[in-house]
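Undergrad: Quick one: the structure is below, questions incoming.
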Amino acid sequence: MKSLLAIIPLGAVDSVNVLALLAVIYVWVSSSGRAEYARTALAYVVGGIIGLTLTLLFSFTFIVAWVREALDAISGTLAGVIGLALAGVLLWLAVQTYRSPPMSLPVHRQVHPVLAFVLGIATWGIQSLTSAPFYAAIAVMAPLDGWHRLLNAVVFVIIALGPVLTLVGALALVSHDLGQRIVARVEEALPRASKTVSIVLAAAAVVGAGFAIAVIVS
């Protein structure tokens, strides 16, 4: 019971999966109608469930041990150098995006259900492997026996999928024409929005570089 009380809020935080929500919107606006959207969205959701389940299984067997070994092996100076390198890459990407902002969204080609299935596996795998709440949930479930771990894992998956399933259902009720009009409006604002995001990313890169340098110096 105590583990479930810990798993529920962790699953709720992990459910804020920006990649998955954007992928669902992409599937919606790329579909020619509701019937096609229903098939493609179902394929995406199934892929997401499988991706999240496989990531959970993989994490229980390998990732927890790897993370512990990596944290023990990395010194403060090395961590600072890695952080400085990542900040440099982020700053370069921000500058390139500001200089050449995208002019349109890649939503004018229909998404095949097989591609949606693969996209579901990929987005949920990436989200899980880069999510602190996911690793916290793994740490909570790791000491449990088989059946209790399975129960907690099922609860975690259901909660984590909640917002995506809600969005899938909500978009099924919206007309496709409205989706196309929304895409047109977004594409009009895309260059300016992209430059704004680039400035934010550049600022984040500078702040991150400052923290990395402080770690190296100390």
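Residue numbering restarts at 1 for every chain of the structure tokens, chains are lettered A, B, ... in their displayed order, and ligands are numbered from 1 as they appear.
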Please identify all polymer residues within 8 Å of Ala209 (chain A), counting only C-alpha atoms, omitting same-chain residues fewer than 6 positions from it, and present them as a VMD selection string.

TA: chain A and resid 83 to 84 87 to 88

Undergrad: Pick out the residues sitting within 7 Å of region 111-115 of chain A, and hand them over as a PyMOL selection string; count only C-alpha atoms, and ignore anything fewer than 3 positions along from it in its own chain.

TA: chain A and resi 27+30-31+39-40+43+118-119

Undergrad: Could you check which of A:Ala122, A:Ile8, A:Ala205, A:Val217 is closest to Leu90 (chain A), using only C-alpha atoms?

TA: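 Of the candidates, the smallest distance to Leu90 (chain A) is held by A:Ala205.
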
Undergrad: List the neighbours of Val168 (chain A) out to 9 Å using only C-alpha atoms; skip same-chain residues closer than 5 positions along the sequence, and give me the result as a JSON list (two decimals) with N, CA, C and O atoms, in the first residue's frame.

TA:
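What follows is the written file result.json:
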```json
[["chain", "number", "residue", "atom", "x", "y", "z"],
["A", 21, "LEU", "N", 2.20, 13.66, -26.33],
["A", 21, "LEU", "CA", 1.07, 14.54, -26.64],
["A", 21, "LEU", "C", 1.23, 15.19, -28.02],
["A", 21, "LEU", "O", 0.28, 15.29, -28.79],
["A", 24, "VAL", "N", 0.49, 12.57, -30.70],
["A", 24, "VAL", "CA", -0.95, 12.36, -30.89],
["A", 24, "VAL", "C", -1.54, 13.47, -31.76],
["A", 24, "VAL", "O", -2.33, 13.21, -32.68],
["A", 25, "ILE", "N", -1.14, 14.70, -31.48],
["A", 25, "ILE", "CA", -1.62, 15.82, -32.30],
["A", 25, "ILE", "C", -1.14, 15.68, -33.74],
["A", 25, "ILE", "O", -1.89, 15.95, -34.69],
["A", 28, "TRP", "N", -3.25, 13.20, -35.46],
["A", 28, "TRP", "CA", -4.59, 13.74, -35.71],
["A", 28, "TRP", "C", -4.63, 14.63, -36.94],
["A", 28, "TRP", "O", -5.45, 14.44, -37.84],
["A", 38, "ALA", "N", -8.73, 7.03, -36.06],
["A", 38, "ALA", "CA", -9.00, 6.01, -35.05],
["A", 38, "ALA", "C", -8.03, 4.84, -35.18],
["A", 38, "ALA", "O", -7.48, 4.36, -34.19],
["A", 41, "ALA", "N", -4.40, 6.22, -34.31],
["A", 41, "ALA", "CA", -4.27, 6.53, -32.89],
["A", 41, "ALA", "C", -4.23, 5.26, -32.05],
["A", 41, "ALA", "O", -3.47, 5.17, -31.07],
["A", 42, "LEU", "N", -5.05, 4.26, -32.42],
["A", 42, "LEU", "CA", -5.03, 2.99, -31.69],
["A", 42, "LEU", "C", -3.66, 2.33, -31.81],
["A", 42, "LEU", "O", -3.11, 1.82, -30.82],
["A", 45, "VAL", "N", -1.25, 4.18, -29.49],
["A", 45, "VAL", "CA", -1.46, 3.88, -28.07],
["A", 45, "VAL", "C", -0.92, 2.49, -27.74],
["A", 45, "VAL", "O", -0.24, 2.30, -26.71],
["A", 163, "PRO", "N", -3.26, 11.11, -19.61],
["A", 163, "PRO", "CA", -3.43, 12.31, -20.44],
["A", 163, "PRO", "C", -3.43, 12.02, -21.94],
["A", 163, "PRO", "O", -4.18, 12.65, -22.70]]
```

Undergrad: Which residues come within 10 Å of Gly11 (chain A), counting only C-alpha atoms, excluding same-chain residues fewer than 2 positions away, as a count of residues only?

TA: 21

Undergrad: Quick one: of A:Gln96, A:Ser175, A:Asn17, A:Ser128, who's nearest to Ser59 (chain A), counting only C-alpha atoms?

TA: A:Ser128

Undergrad: Quick one: pull the distance between CA of Ser198 (chain A) and CA of Gly120 (chain A), Å, one decimal.

TA: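 CA of Ser198 (chain A) sits 26.8 Å away from CA of Gly120 (chain A).
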
Undergrad: Would you please work out which residue, of A:Val18, A:Val29, A:Gly146, A:Val154, is nearest to Ile49 (chain A) when using only C-alpha atoms?

TA: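 Distance minimum relative to Ile49 (chain A) lands on A:Val154.
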
Undergrad: For each of A:Phe58, A:Gly169, A:Thr196, A:Val164, take the minimum atom-to-atom distance to Thr123 (chain A), counting only C-alpha atoms, then give the residue where this is smallest.

TA: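 Result for the nearest residue to Thr123 (chain A): A:Val164.
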
Undergrad: DSSP on the backbone: what in region 79-150 of chain A comes out alpha helix (DSSP H), as a ChimeraX atom specification?

TA: /A:79-99,113-129,132-141,146-150

Undergrad: If you keep C-alpha atoms, can you produce a file of those selected residues as a PDB file, in the first residue's frame?

TA:
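Output file part29.pdb follows:
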```pdb
ATOM      1  CA  ALA A  79      30.275  15.900 -14.614  1.00  0.00           C
ATOM      2  CA  GLY A  80      30.966  19.620 -15.036  1.00  0.00           C
ATOM      3  CA  VAL A  81      32.806  19.047 -18.322  1.00  0.00           C
ATOM      4  CA  ILE A  82      29.935  16.899 -19.630  1.00  0.00           C
ATOM      5  CA  GLY A  83      27.441  19.570 -18.578  1.00  0.00           C
ATOM      6  CA  LEU A  84      29.514  22.274 -20.299  1.00  0.00           C
ATOM      7  CA  ALA A  85      29.639  20.214 -23.516  1.00  0.00           C
ATOM      8  CA  LEU A  86      25.868  19.667 -23.456  1.00  0.00           C
ATOM      9  CA  ALA A  87      25.300  23.379 -22.875  1.00  0.00           C
ATOM     10  CA  GLY A  88      27.522  24.133 -25.882  1.00  0.00           C
ATOM     11  CA  VAL A  89      25.519  21.774 -28.098  1.00  0.00           C
ATOM     12  CA  LEU A  90      22.241  23.307 -26.887  1.00  0.00           C
ATOM     13  CA  LEU A  91      23.527  26.815 -27.577  1.00  0.00           C
ATOM     14  CA  TRP A  92      24.619  25.811 -31.101  1.00  0.00           C
ATOM     15  CA  LEU A  93      21.184  24.312 -31.816  1.00  0.00           C
ATOM     16  CA  ALA A  94      19.483  27.451 -30.502  1.00  0.00           C
ATOM     17  CA  VAL A  95      21.593  29.687 -32.746  1.00  0.00           C
ATOM     18  CA  GLN A  96      20.980  27.519 -35.817  1.00  0.00           C
ATOM     19  CA  THR A  97      17.223  27.438 -35.187  1.00  0.00           C
ATOM     20  CA  TYR A  98      17.125  31.210 -34.713  1.00  0.00           C
ATOM     21  CA  ARG A  99      19.003  31.796 -37.967  1.00  0.00           C
ATOM     22  CA  PRO A 113      -0.539   2.790 -38.523  1.00  0.00           C
ATOM     23  CA  VAL A 114       2.755   0.853 -38.549  1.00  0.00           C
ATOM     24  CA  LEU A 115       4.691   4.125 -38.326  1.00  0.00           C
ATOM     25  CA  ALA A 116       2.357   5.281 -35.549  1.00  0.00           C
ATOM     26  CA  PHE A 117       3.031   2.033 -33.673  1.00  0.00           C
ATOM     27  CA  VAL A 118       6.794   2.551 -33.934  1.00  0.00           C
ATOM     28  CA  LEU A 119       6.342   6.206 -32.973  1.00  0.00           C
ATOM     29  CA  GLY A 120       4.471   5.123 -29.835  1.00  0.00           C
ATOM     30  CA  ILE A 121       7.287   2.804 -28.780  1.00  0.00           C
ATOM     31  CA  ALA A 122       9.918   5.476 -29.476  1.00  0.00           C
ATOM     32  CA  THR A 123       8.212   8.417 -27.748  1.00  0.00           C
ATOM     33  CA  TRP A 124       7.380   6.479 -24.592  1.00  0.00           C
ATOM     34  CA  GLY A 125      10.821   4.870 -24.493  1.00  0.00           C
ATOM     35  CA  ILE A 126      12.569   8.227 -24.825  1.00  0.00           C
ATOM     36  CA  GLN A 127      10.263   9.837 -22.267  1.00  0.00           C
ATOM     37  CA  SER A 128      10.852   7.079 -19.734  1.00  0.00           C
ATOM     38  CA  LEU A 129      14.619   6.935 -20.156  1.00  0.00           C
ATOM     39  CA  ALA A 132      13.413  11.443 -13.193  1.00  0.00           C
ATOM     40  CA  PRO A 133       9.950  10.336 -11.893  1.00  0.00           C
ATOM     41  CA  PHE A 134      10.307   7.149 -13.950  1.00  0.00           C
ATOM     42  CA  TYR A 135      13.600   6.286 -12.265  1.00  0.00           C
ATOM     43  CA  ALA A 136      12.108   7.174  -8.888  1.00  0.00           C
ATOM     44  CA  ALA A 137       9.263   4.729  -9.586  1.00  0.00           C
ATOM     45  CA  ILE A 138      11.797   2.041 -10.520  1.00  0.00           C
ATOM     46  CA  ALA A 139      13.566   2.634  -7.202  1.00  0.00           C
ATOM     47  CA  VAL A 140      10.249   2.275  -5.329  1.00  0.00           C
ATOM     48  CA  MET A 141       9.303  -0.954  -7.131  1.00  0.00           C
ATOM     49  CA  GLY A 146       6.994 -10.231  -8.212  1.00  0.00           C
ATOM     50  CA  TRP A 147       3.229  -9.755  -7.816  1.00  0.00           C
ATOM     51  CA  HIS A 148       3.463  -6.480  -5.886  1.00  0.00           C
ATOM     52  CA  ARG A 149       5.933  -5.124  -8.427  1.00  0.00           C
ATOM     53  CA  LEU A 150       3.586  -6.126 -11.259  1.00  0.00           C
TER      54      LEU A 150
END
```

Undergrad: Nearest to Tyr37 (chain A): which of A:Leu171, A:Leu5, A:Leu54, A:Ala23 is it, counting only C-alpha atoms?

TA: A:Leu171
